[in-house]
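See below for the structure under consideration.
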Protein chains: 2
Amino acid sequence: MATGRTHRPATRSRGIPEATVARLPLYLRALTGLSERSVPTVSSEELAAAAGVNSAKLRKDFSYLGSYGTRGVGYDVEYLVYQISRELGLTQDWPVVIVGIGNLGAALANYGGFASRGFRVAALIDADPAMAGRPVAGIPVRHSDQLEEIVRDNGVSIGVIATPAGAAQQVCDRLVAAGITSILNFAPTVLTVPDGVDVRKVDLSIELQILAFHEQRKAGEDVPDVPPPPPTTVAQDGAAPADDEAPAPAQAPAADDGQAPAARRDRKGPDDELPAVMPA
Amino acid sequence: MATGRTHRPATRSRGIPEATVARLPLYLRALTGLSERSVPTVSSEELAAAAGVNSAKLRKDFSYLGSYGTRGVGYDVEYLVYQISRELGLTQDWPVVIVGIGNLGAALANYGGFASRGFRVAALIDADPAMAGRPVAGIPVRHSDQLEEIVRDNGVSIGVIATPAGAAQQVCDRLVAAGITSILNFAPTVLTVPDGVDVRKVDLSIELQILAFHEQRKAGEDVPDVPPPPPTTVAQDGAAPADDEAPAPAQAPAADDGQAPAARRDRKGPDDELPAVMPA
DNA sequence: CCATCTTTGTGCACGCGTTCACAAAGACAT
DNA sequence: ATGTCTTTGTGAACGCGTGCACAAAGATGG
C-alpha cells in the first residue's frame, strides 16, 4: 500500500470522495476478472466479496458515479468496467517516464500492469552515462540530460521517480519544470512540489515498520523490553560526529514504560545507503 | 503509497491511532536525518516541515507516545528517535522472508532500507527450481518446498509476497500455516487471511490509476470523450469466449455524461500477464 | 395485473482523524 | 524572583468515511 497522497487534502474532485477513487481500481480489477470469465452481471454482495470490501460501501461508491445497477439483478459487468475505466481516465493513453533505472526502476519497466491499464512507458531515464542506450525491458535507457526534451516531446504528464533519496527532489523539480503534473515517488523522501502537482508515495520501509508495530503488539504485551533508565544525556554511539554538546532532554516526563536511548541499532546511513537503486 | 491495511478496521492497539502509527516511520526518518547532522533538538514546527505534515498533528501524534517534549525548546532528537523506534518495535530484530524472486523480489532483496531498520532478510524463496541456489543480493535462493521449514527454523513472523497474482493466495496460505502473522503483499490480489494476521498491500497499478484520475480532472473538463451511446447489449470484443447471452443492462439510467461500453482498450490478461515477476 | 422476492440506492448515526486555538509549562534574561 | 517569550500539549469543533438498516425499484411467477 502506497502511503497516501501527499498534497491536496480534500480532493473531492467532482463529488467523488478520495476514498472512493482509491477503491475504484480495486473494483475494476475484480470486474475485469469477471469479464474474462464472461460473467454478465454481479450483485454488490458478490463484487464486494471479490474486492474485499463491505457491500454497502461498494454500492455507495458506485452511487457517486451514477445509478448503474438494476434492482433485483445487480450490475452489468461490461458496462461497469467501461464506466469505471472512463471515470479513472483509463480510456485514454497515459505516457509515463521512469526516472532512475536501478533494480526497482528496471522492475517497474518490466511490469506488465503498465500497458494493460492505459499506461505506456514513454521513456526510461537514468543519470548514469553507462546506462544510456542499454535496453531495459526492450526500451533503451536515455540519459537524464534529455529529460526535459523527452517529457515535452511525448506530452508526458505522469512521472515515476525511482532514484536514490538524494536525487529525488532534484529530479522532481526538473520533471515539474518540464510540465509533469503527477508524480509517483518511490524514493524515501518528502517531495516538495508546487500547487497543482499531485504526488503519491510508495514506501516499502514504512509498510514494514507498520507491520512491525502490530507484530510487536501481537507477540508483545509480555516482552517488557529494557529497563527504564531516564533519558539522561544520550551518549552518542560513536557513529555520529557529535561534538559532545550532549542533548540532555530535561528529565524523563513520566513515560509509562521503559526507555534506553543509547541502546539503538548499529545505525547506518538512513536511506541513501541503498545501492543507488531501490529506495522505497 | 501502499494501499492501506486490509484487515483490522480500528486497530487502536493501545491508544495509538492507526493514522498516527502510519506517520511514525515518517517522523523517524526525518529525525534520523537530524540525528546524523548532530542536531540536538527540534521544534514541532521544524520537524513537521521536514516530515511534510501539520505541526499540530505531529504534536498530537507524539502526545500519544507520552510527553517527550520540553516547552519553549522542542524535542530531543536522540531521545525521540529511540522512543519511536521502540514504539514501532524496531529495537528488535525482525527476520523477513521474500517469496517470489523475480524482478521485484530481487529489487526488494537488494533494498538497503531493510537492514538499516531492524529488518533482516532471512531467506529468499522461489518456486522455480532453476532459481534454487542462485544467489540474489548475496543470499542464495531456496526452493518453495522448504518454505515451512525456513519460516519455522528462523522464527520468521513477517513475509513479503512478490509472486504473480495467481500464486499469491496459495503462498499466503502456506506462510500463514507456517506461523507468519504479518504479510506485505505486492501481488495484485485480495488476500484472504484468518483473524490475527495483518496484511498490507502495495499496488503500483492502483497508484497510477489514482494519479490518472486526478490528471484527467486537471487536463480534462474539456475533453468530452466519446459520444453517449446507451449501454445496449455490449458486443463482446472477440477476446472473451462469450456465449452471446448478451448482458444488456436495462436502459441507461440517466448518467450525466457519455458512455460507450464497446470502446474498451485492447484487453489483455488483467494481471497475470506479468512476467511471473512484478505484480503491483 | 398482482404478489412476492431480490437487490439497489441512500438517509442516518457514529467514530476517527484533522485542525484551530489557547492555556500551561518551562527556558531565559534581567 | 519576576517577567517575557517560546513552544508544547490538548480541548473542542468540524468534516470525512463507514456501516446499518430500510424504502423503493424492478424482476419474476402465477
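Ordered as shown in the C-alpha cells, chains take letters A, B, and onward, while each chain numbers its residues from 1 and ligands are numbered from 1 in the order shown.
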Report as a PDB file with C-alpha atoms (C1' of nucleotides), in the first residue's frame all protein, DNA and RNA residues lying within 12 Å of Glu45 in chain A, evaluated on only C-alpha atoms (C1' of nucleotides), omitting residues in the same chain fewer than 4 positions from it.
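Final file, result_6.pdb:
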ATOM      1  CA  THR A  41     -23.817  -9.467 -14.056  1.00  0.00           C
ATOM      2  CA  ALA A  49     -16.522 -10.029  -1.603  1.00  0.00           C
ATOM      3  CA  ALA A  50     -14.219 -10.250  -4.611  1.00  0.00           C
ATOM      4  CA  ALA A  51     -12.799  -6.810  -3.931  1.00  0.00           C
ATOM      5  CA  GLY A  52     -12.552  -7.390  -0.218  1.00  0.00           C
ATOM      6  CA  VAL A  53     -14.830  -4.573   0.900  1.00  0.00           C
ATOM      7  CA  ASN A  54     -18.203  -4.024   2.521  1.00  0.00           C
ATOM      8  CA  SER A  55     -21.099  -4.297   0.091  1.00  0.00           C
ATOM      9  CA  ALA A  56     -22.790  -1.165   1.375  1.00  0.00           C
ATOM     10  CA  LYS A  57     -19.594   0.735   0.824  1.00  0.00           C
ATOM     11  CA  LEU A  58     -19.376  -0.569  -2.699  1.00  0.00           C
ATOM     12  CA  ARG A  59     -22.916   0.464  -3.505  1.00  0.00           C
ATOM     13  CA  VAL A  73     -30.434  -8.112 -10.545  1.00  0.00           C
ATOM     14  CA  GLY A  74     -27.156  -6.375  -9.890  1.00  0.00           C
ATOM     15  CA  TYR A  75     -24.616  -4.630 -12.069  1.00  0.00           C
TER      16      TYR A  75
ATOM     17  C1'  DT C   7     -31.121  -6.215  -4.748  1.00  0.00           C
ATOM     18  C1'  DT C   8     -30.126  -1.453  -5.275  1.00  0.00           C
TER      19       DT C   8
END
Considering only C-alpha atoms (C1' of nucleotides), give me a table of residues in chain D that are at most 12 Å from chain A, with the closest atom pair and distance in Å for each, as CSV.
residue,atom,partner,partner_atom,distance
D:DG15,C1',A:Ala10,CA,9.8
D:DC16,C1',A:Pro17,CA,8.7
D:DG17,C1',A:Ala19,CA,7.6
D:DT18,C1',A:Lys57,CA,7.3
D:DG19,C1',A:Ala56,CA,7.0
D:DC20,C1',A:Ala56,CA,8.9
D:DA21,C1',A:Ala56,CA,10.5
D:DA24,C1',A:Arg71,CA,9.5
D:DA25,C1',A:Arg71,CA,6.0
D:DG26,C1',A:Arg71,CA,5.5
D:DA27,C1',A:Gly72,CA,6.0
D:DT28,C1',A:Gly72,CA,9.7
Backbone DSSP call of helix (DSSP H, G or I) for range 27-250 of chain B, listed as a PyMOL selection string: chain B and resi 27-36+44-51+55-65+77-88+103-109+115-117+144-154+165-178+204-219
Those same residues - C-alpha atoms - I'd like them written as a PDB file, in the first residue's frame.
ATOM      1  CA  TYR B  27       8.977  11.161  11.708  1.00  0.00           C
ATOM      2  CA  LEU B  28      11.616   8.588  12.411  1.00  0.00           C
ATOM      3  CA  ARG B  29      13.178   9.107   9.034  1.00  0.00           C
ATOM      4  CA  ALA B  30      13.280  12.870   9.450  1.00  0.00           C
ATOM      5  CA  LEU B  31      14.684  12.506  12.945  1.00  0.00           C
ATOM      6  CA  THR B  32      17.375  10.099  11.807  1.00  0.00           C
ATOM      7  CA  GLY B  33      18.497  12.687   9.302  1.00  0.00           C
ATOM      8  CA  LEU B  34      18.722  15.301  12.003  1.00  0.00           C
ATOM      9  CA  SER B  35      20.498  12.905  14.299  1.00  0.00           C
ATOM     10  CA  GLU B  36      23.185  12.331  11.707  1.00  0.00           C
ATOM     11  CA  SER B  44       7.409  20.540  16.274  1.00  0.00           C
ATOM     12  CA  GLU B  45       7.280  23.163  13.563  1.00  0.00           C
ATOM     13  CA  GLU B  46      10.647  22.239  12.084  1.00  0.00           C
ATOM     14  CA  LEU B  47      10.119  18.523  12.316  1.00  0.00           C
ATOM     15  CA  ALA B  48       6.660  18.794  10.851  1.00  0.00           C
ATOM     16  CA  ALA B  49       8.050  20.681   7.888  1.00  0.00           C
ATOM     17  CA  ALA B  50      10.709  18.028   7.374  1.00  0.00           C
ATOM     18  CA  ALA B  51       8.137  15.261   7.515  1.00  0.00           C
ATOM     19  CA  SER B  55       2.715  20.666  13.235  1.00  0.00           C
ATOM     20  CA  ALA B  56      -0.398  20.321  15.366  1.00  0.00           C
ATOM     21  CA  LYS B  57      -0.872  16.837  14.009  1.00  0.00           C
ATOM     22  CA  LEU B  58       2.684  15.966  14.832  1.00  0.00           C
ATOM     23  CA  ARG B  59       2.345  17.194  18.384  1.00  0.00           C
ATOM     24  CA  LYS B  60      -0.832  15.238  18.874  1.00  0.00           C
ATOM     25  CA  ASP B  61       0.828  12.159  17.421  1.00  0.00           C
ATOM     26  CA  PHE B  62       3.688  12.466  19.876  1.00  0.00           C
ATOM     27  CA  SER B  63       1.290  13.060  22.709  1.00  0.00           C
ATOM     28  CA  TYR B  64       0.025   9.516  22.246  1.00  0.00           C
ATOM     29  CA  LEU B  65       3.506   8.248  22.990  1.00  0.00           C
ATOM     30  CA  VAL B  77      16.259  14.285  18.720  1.00  0.00           C
ATOM     31  CA  GLU B  78      18.112  11.251  20.027  1.00  0.00           C
ATOM     32  CA  TYR B  79      15.573  10.593  22.697  1.00  0.00           C
ATOM     33  CA  LEU B  80      12.703  10.787  20.281  1.00  0.00           C
ATOM     34  CA  VAL B  81      14.449   8.532  17.794  1.00  0.00           C
ATOM     35  CA  TYR B  82      14.724   5.928  20.461  1.00  0.00           C
ATOM     36  CA  GLN B  83      11.179   6.295  21.690  1.00  0.00           C
ATOM     37  CA  ILE B  84       9.683   5.980  18.243  1.00  0.00           C
ATOM     38  CA  SER B  85      11.941   3.087  17.352  1.00  0.00           C
ATOM     39  CA  ARG B  86      10.865   1.287  20.447  1.00  0.00           C
ATOM     40  CA  GLU B  87       7.228   2.040  19.864  1.00  0.00           C
ATOM     41  CA  LEU B  88       7.434   0.667  16.355  1.00  0.00           C
ATOM     42  CA  ASN B 103      12.373  -8.553 -10.923  1.00  0.00           C
ATOM     43  CA  LEU B 104      10.584  -7.095  -7.967  1.00  0.00           C
ATOM     44  CA  GLY B 105      11.634  -9.728  -5.472  1.00  0.00           C
ATOM     45  CA  ALA B 106      15.236  -9.193  -6.469  1.00  0.00           C
ATOM     46  CA  ALA B 107      14.862  -5.445  -6.161  1.00  0.00           C
ATOM     47  CA  LEU B 108      13.442  -5.890  -2.688  1.00  0.00           C
ATOM     48  CA  ALA B 109      16.240  -8.243  -1.713  1.00  0.00           C
ATOM     49  CA  ALA B 115      18.725  -3.957   7.222  1.00  0.00           C
ATOM     50  CA  SER B 116      19.005  -0.369   8.329  1.00  0.00           C
ATOM     51  CA  ARG B 117      15.685  -0.559  10.108  1.00  0.00           C
ATOM     52  CA  SER B 144       9.484 -23.096  -2.027  1.00  0.00           C
ATOM     53  CA  ASP B 145       9.324 -26.711  -0.887  1.00  0.00           C
ATOM     54  CA  GLN B 146      11.318 -25.567   2.102  1.00  0.00           C
ATOM     55  CA  LEU B 147       9.046 -22.633   2.902  1.00  0.00           C
ATOM     56  CA  GLU B 148       7.559 -24.054   6.077  1.00  0.00           C
ATOM     57  CA  GLU B 149      10.898 -25.275   7.300  1.00  0.00           C
ATOM     58  CA  ILE B 150      12.549 -21.912   6.698  1.00  0.00           C
ATOM     59  CA  VAL B 151       9.831 -19.961   8.448  1.00  0.00           C
ATOM     60  CA  ARG B 152       9.829 -22.198  11.464  1.00  0.00           C
ATOM     61  CA  ASP B 153      13.593 -22.558  11.852  1.00  0.00           C
ATOM     62  CA  ASN B 154      14.167 -18.835  11.660  1.00  0.00           C
ATOM     63  CA  ALA B 165      -1.143 -12.780  -8.709  1.00  0.00           C
ATOM     64  CA  GLY B 166      -2.092 -16.362  -9.405  1.00  0.00           C
ATOM     65  CA  ALA B 167       0.269 -17.797  -6.826  1.00  0.00           C
ATOM     66  CA  ALA B 168      -0.239 -15.206  -4.128  1.00  0.00           C
ATOM     67  CA  GLN B 169      -3.135 -16.729  -2.196  1.00  0.00           C
ATOM     68  CA  GLN B 170      -1.554 -20.128  -2.120  1.00  0.00           C
ATOM     69  CA  VAL B 171       1.755 -18.736  -0.934  1.00  0.00           C
ATOM     70  CA  CYS B 172      -0.123 -16.686   1.614  1.00  0.00           C
ATOM     71  CA  ASP B 173      -1.914 -19.723   2.963  1.00  0.00           C
ATOM     72  CA  ARG B 174       1.328 -21.604   3.353  1.00  0.00           C
ATOM     73  CA  LEU B 175       3.024 -18.684   5.060  1.00  0.00           C
ATOM     74  CA  VAL B 176       0.172 -18.351   7.493  1.00  0.00           C
ATOM     75  CA  ALA B 177       0.062 -22.062   8.151  1.00  0.00           C
ATOM     76  CA  ALA B 178       3.780 -21.954   8.860  1.00  0.00           C
ATOM     77  CA  LEU B 204       1.645   0.174  -8.197  1.00  0.00           C
ATOM     78  CA  SER B 205      -1.123  -0.127 -10.722  1.00  0.00           C
ATOM     79  CA  ILE B 206      -3.639   1.334  -8.313  1.00  0.00           C
ATOM     80  CA  GLU B 207      -1.420   4.274  -7.514  1.00  0.00           C
ATOM     81  CA  LEU B 208      -1.042   5.090 -11.171  1.00  0.00           C
ATOM     82  CA  GLN B 209      -4.762   4.850 -11.728  1.00  0.00           C
ATOM     83  CA  ILE B 210      -5.433   7.261  -8.919  1.00  0.00           C
ATOM     84  CA  LEU B 211      -2.951   9.676 -10.426  1.00  0.00           C
ATOM     85  CA  ALA B 212      -4.608   9.273 -13.791  1.00  0.00           C
ATOM     86  CA  PHE B 213      -7.939  10.156 -12.255  1.00  0.00           C
ATOM     87  CA  HIS B 214      -6.664  13.446 -10.911  1.00  0.00           C
ATOM     88  CA  GLU B 215      -4.690  14.080 -14.041  1.00  0.00           C
ATOM     89  CA  GLN B 216      -7.826  13.705 -16.079  1.00  0.00           C
ATOM     90  CA  ARG B 217      -9.572  16.168 -13.813  1.00  0.00           C
ATOM     91  CA  LYS B 218      -6.800  18.674 -14.296  1.00  0.00           C
ATOM     92  CA  ALA B 219      -6.356  18.436 -18.048  1.00  0.00           C
TER      93      ALA B 219
END
Please report, as a PyMOL selection string, each residue of range 6-221 of chain A to which DSSP assigns strand (DSSP E or B) when run on this structure's backbone. chain A and resi 41-42+69-70+74-76+94-99+119-126+135-136+139-143+158-161+182-185+198-201
Taking only residues of chain C that have an atom at most 9 Å from an atom of chain B, what is each one's shortest atom pair and its distance in Å to one decimal, using only C-alpha atoms (C1' of nucleotides), in chain and number order, as a Markdown table?
| residue | atom | partner | partner_atom | distance |
| --- | --- | --- | --- | --- |
| C:DC16 | C1' | B:Pro17 | CA | 8.5 |
| C:DG17 | C1' | B:Ala19 | CA | 7.6 |
| C:DT18 | C1' | B:Lys57 | CA | 7.3 |
| C:DT19 | C1' | B:Ala56 | CA | 7.4 |
| C:DC20 | C1' | B:Ala56 | CA | 8.9 |
| C:DA25 | C1' | B:Arg71 | CA | 6.0 |
| C:DG26 | C1' | B:Arg71 | CA | 5.4 |
| C:DA27 | C1' | B:Gly72 | CA | 6.1 |
Smallest atom-to-atom distance to chain B: which of A:Gly112, A:Gly100, A:Gly155, A:Pro188, using only C-alpha atoms?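 The closest residue to chain B is A:Gly112.
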Quick check, in Å to one decimal: how far apart do C1' of DT8 in chain D and CA of Ser67 in chain B lie? 8.8 Å
Quick check, in Å to one decimal: how far apart do CA of Thr91 in chain B and CA of Val121 in chain B lie?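 Straight-line distance from CA of Thr91 in chain B to CA of Val121 in chain B works out to 16.2 Å.
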Pro140 in chain B: which residues within 9 Å, counting only C-alpha atoms (C1' of nucleotides), same-chain residues fewer than 2 positions away excluded, as a count of residues only? 12
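Distance check against chain B using only C-alpha atoms: of A:Gly179, A:Pro164, A:Gly113, A:Pro129, the minimum falls on A:Gly113.
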If you count only C-alpha atoms, the residue of A:Val202, A:Ile180, A:Val141, A:Ala122 closest to chain B turns out to be A:Val202
